[in-house]
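K.L.:
Here it is: the structure, laid out below.
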Amino acid sequence: MTRAARAVPQRGMRLARADRMDGILDAAQAVFCEKGYEGTAVSEIAARLGVVEGTIFKYFPTKRELLVRVLERWYEQMALDYSADLAGIEGARSRLRLLVWRHLRSLRDNPQLCHLMFREIRAGDDYRGSRLHELNRAYTGLLTGVIEDGIKSREFRAGLPVLLVRDMIYGGIEHHAWNYLQGRGKLDVEAITRNVMTILDAGLPRAP
C-alpha cells in the first residue's frame with residue numbers, strides 16, 4: 001500500500017495537518033511524474049486522495065506551489081541521505097566518488113522529478129533566491145565541501161577552481177544524462193561513475 005493510499009482517512013477520522021500535507025504531496029508527486037506539470041489536474045490529485053479539490057487548495061494555493069513543495073521535499077530528503085552516507089566514508093576521493101554515484105543514481109531513479117526540476121522550475125524567473133534554489137545550493141555544496149576538504153588534506157592540489165570543478169561535474173553529468181531524462185536509452189550508473197572518476201583522478205592530482 002502506498003503512502004498516498006494510507007493517507008485517505010477512514011470515515012469519521014480527521015488527519016493531522018502534517019499527515020494531510022504529506023498525503024497530498026505523495027499523491028501530487030505520483031501524478032506529476034505520470035503526466036508532467038501541464039498534464040496534471042489538481043482535481044485528479046484530489047480524486048486519488050478521496051477529497052474535494054478545495055481541500056488541496058486549502059494547503060497549497062496553486063498548482064505551481066504544490067510542485068515546488070514536492071521538489072523541495074525531494075531535495076530535503078536527498079540532502080539528509082547524502083550527508084548520512086558521507087559521514088561513513090573516509091578520504092576526499094572516496095567521498096567524491098560517492099557523490100558522483102549518488103547524483104547519477106538520483107537521475108536514473110527519478111527521471112520525471114529531474115525533468116520537472118530542470119524544465120518547470122530551474123528556468124523560471126522566480127527560481128533564483130527561492131527556497132528550492134537554496135536547497136539546490138546546499139545539495140551541490142556537499143560536493144564543493146568535499147573538494148575543499150581534499151585540498152586541505154592535500155589529496156587534491158592547491159589552487160583548484162572549486163566552483164568550476166563543481167559545475168563541470170554536475171553540468172557534464174546532466175548533459176550526458178539528458179537523453180535518458182527525455183525517455184531515450186539507459187543510464188549505466190556504475191560505468192559512468194568509473195569514467196567520471198578516471199577523468200577526475202587525472203584532473204585532481206595529489207598535492208606535491
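Numbering starts fresh at 1 for the residues of each chain in the C-alpha cells, the chains themselves are lettered A, B, ... in the order given, and ligands are numbered from 1 as they appear.
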If we count only C-alpha atoms, what is near Phe32 in chain A at a cut-off of 10 Å, once residues fewer than 2 positions away on the same chain are taken out, given as a PyMOL selection string?
P.N.:
chain A and resi 27-30+34-42+45+66-67+70+112-113+116
K.L.:
Write the residues of the preceding selection, restricted to C-alpha atoms, as a tab-separated table (two decimals), in the first residue's frame.
P.N.:
```
chain	number	residue	atom	x	y	z
A	27	ALA	CA	-0.34	11.93	-4.49
A	28	ALA	CA	0.84	15.08	-6.28
A	29	GLN	CA	4.31	13.62	-6.86
A	30	ALA	CA	2.79	10.50	-8.39
A	34	GLU	CA	2.98	10.30	-14.59
A	35	LYS	CA	1.57	13.24	-16.55
A	36	GLY	CA	4.01	16.13	-16.27
A	37	TYR	CA	3.19	19.58	-14.98
A	38	GLU	CA	0.90	20.75	-17.77
A	39	GLY	CA	-0.93	17.43	-17.93
A	40	THR	CA	-1.65	17.33	-14.22
A	41	ALA	CA	-5.03	18.46	-12.93
A	42	VAL	CA	-5.42	19.25	-9.24
A	45	ILE	CA	-4.74	14.62	-7.20
A	66	LEU	CA	2.34	22.26	-4.97
A	67	LEU	CA	5.02	21.25	-7.50
A	70	VAL	CA	7.11	18.30	-3.95
A	112	GLN	CA	10.50	12.56	-14.02
A	113	LEU	CA	11.34	14.65	-10.94
A	116	LEU	CA	10.25	18.72	-13.74
```
K.L.:
When DSSP works through the backbone of this structure, what residues of range 79-192 of chain A end up as alpha helix (DSSP H), shown as JSON, numbers by chain?
P.N.:
{"A": [79, 80, 81, 82, 83, 84, 85, 86, 87, 92, 93, 94, 95, 96, 97, 98, 99, 100, 101, 102, 103, 104, 105, 106, 107, 108, 109, 111, 112, 113, 114, 115, 116, 131, 132, 133, 134, 135, 136, 137, 138, 139, 140, 141, 142, 143, 144, 145, 146, 147, 148, 149, 150, 151, 152, 162, 163, 164, 165, 166, 167, 168, 169, 170, 171, 172, 173, 174, 175, 176, 178, 179, 180, 181, 189, 190, 191, 192]}
K.L.:
Save the residues we just selected, C-alpha atoms, as a short mmCIF file (atom, residue, chain, number, x, y, z; two decimals), in the first residue's frame?
P.N.:
```cif
data_model
loop_
_atom_site.label_atom_id
_atom_site.label_comp_id
_atom_site.auth_asym_id
_atom_site.auth_seq_id
_atom_site.Cartn_x
_atom_site.Cartn_y
_atom_site.Cartn_z
CA ALA A 79 20.47 16.13 1.45
CA LEU A 80 19.77 14.10 4.58
CA ASP A 81 20.59 10.81 2.85
CA TYR A 82 23.77 12.11 1.25
CA SER A 83 25.03 13.67 4.48
CA ALA A 84 24.43 10.42 6.36
CA ASP A 85 26.27 8.43 3.69
CA LEU A 86 29.22 10.84 3.62
CA ALA A 87 29.63 10.54 7.38
CA ALA A 92 38.09 13.02 -0.14
CA ARG A 93 38.38 10.88 -3.27
CA SER A 94 36.10 8.20 -1.88
CA ARG A 95 33.63 10.84 -0.76
CA LEU A 96 33.74 12.49 -4.17
CA ARG A 97 33.07 9.16 -5.86
CA LEU A 98 30.07 8.62 -3.59
CA LEU A 99 28.57 11.98 -4.56
CA VAL A 100 29.08 11.32 -8.27
CA TRP A 101 27.47 7.90 -7.92
CA ARG A 102 24.57 9.17 -5.82
CA HIS A 103 23.85 12.00 -8.24
CA LEU A 104 23.77 9.60 -11.17
CA ARG A 105 21.54 7.24 -9.24
CA SER A 106 19.14 10.09 -8.44
CA LEU A 107 18.91 10.90 -12.14
CA ARG A 108 18.37 7.24 -13.03
CA ASP A 109 15.78 6.56 -10.32
CA PRO A 111 13.93 10.99 -14.18
CA GLN A 112 10.50 12.56 -14.02
CA LEU A 113 11.34 14.65 -10.94
CA CYS A 114 14.62 15.73 -12.54
CA HIS A 115 12.80 16.70 -15.72
CA LEU A 116 10.25 18.72 -13.74
CA ARG A 131 13.97 28.12 -1.06
CA LEU A 132 14.35 25.47 -3.75
CA HIS A 133 17.33 27.38 -5.12
CA GLU A 134 18.86 27.41 -1.65
CA LEU A 135 18.23 23.68 -1.26
CA ASN A 136 19.94 23.06 -4.60
CA ARG A 137 22.92 25.14 -3.48
CA ALA A 138 23.11 23.10 -0.28
CA TYR A 139 22.95 19.91 -2.34
CA THR A 140 25.81 20.96 -4.64
CA GLY A 141 27.61 22.44 -1.64
CA LEU A 142 28.24 18.93 -0.36
CA LEU A 143 30.49 18.39 -3.37
CA THR A 144 32.35 21.69 -3.06
CA GLY A 145 32.89 20.89 0.61
CA VAL A 146 34.46 17.56 -0.28
CA ILE A 147 36.78 19.21 -2.81
CA GLU A 148 37.79 21.89 -0.32
CA ASP A 149 38.47 19.23 2.31
CA GLY A 150 40.59 17.35 -0.23
CA ILE A 151 42.67 20.45 -0.88
CA LYS A 152 43.22 20.93 2.85
CA VAL A 162 36.39 24.68 -6.85
CA LEU A 163 33.19 26.15 -8.27
CA LEU A 164 34.29 25.41 -11.82
CA VAL A 165 35.05 21.80 -10.85
CA ARG A 166 31.57 21.56 -9.29
CA ASP A 167 29.92 22.93 -12.43
CA MET A 168 31.91 20.64 -14.70
CA ILE A 169 30.88 17.58 -12.69
CA TYR A 170 27.18 18.35 -12.35
CA GLY A 171 26.84 20.03 -15.73
CA GLY A 172 28.70 17.24 -17.51
CA ILE A 173 26.68 14.50 -15.85
CA GLU A 174 23.35 16.19 -16.54
CA HIS A 175 24.27 16.85 -20.18
CA HIS A 176 25.35 13.24 -20.61
CA TRP A 178 19.79 14.32 -20.96
CA ASN A 179 18.66 11.71 -23.49
CA TYR A 180 17.78 9.37 -20.63
CA LEU A 181 15.80 12.11 -18.89
CA VAL A 189 25.38 4.43 -13.19
CA GLU A 190 28.36 2.21 -12.40
CA ALA A 191 30.07 2.63 -15.77
CA ILE A 192 29.58 6.39 -15.88
#
```
K.L.:
For CA of Met117 in chain A and CA of Lys186 in chain A, quote the distance in Å rounded to one decimal.
P.N.:
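CA of Lys186 in chain A lies at a distance of 19.8 Å from CA of Met117 in chain A.
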K.L.:
Could you check which of A:Asn110, A:Ser153, A:Ala47, A:Asn195 is closest to Met78 in chain A, using only C-alpha atoms?
P.N.:
A:Asn110
K.L.:
Using only C-alpha atoms, which residues sit within 12 Å of Pro208 in chain A once same-chain residues fewer than 2 positions away are excluded, as a ChimeraX atom specification?
P.N.:
/A:151,153-158,204-206
K.L.:
Given the choices A:Arg48, A:Arg64, A:Arg128, A:Arg122, which gets closest to Asp26 in chain A if the distance is worked out from only C-alpha atoms?
P.N.:
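Nearest candidate to Asp26 in chain A out of A:Arg48, A:Arg64, A:Arg128, A:Arg122: A:Arg48.
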K.L.:
Counting only C-alpha atoms, which of A:Asp201, A:Val31, A:Val196, A:Val68 gets nearest to Tyr127 in chain A?
P.N.:
A:Val68
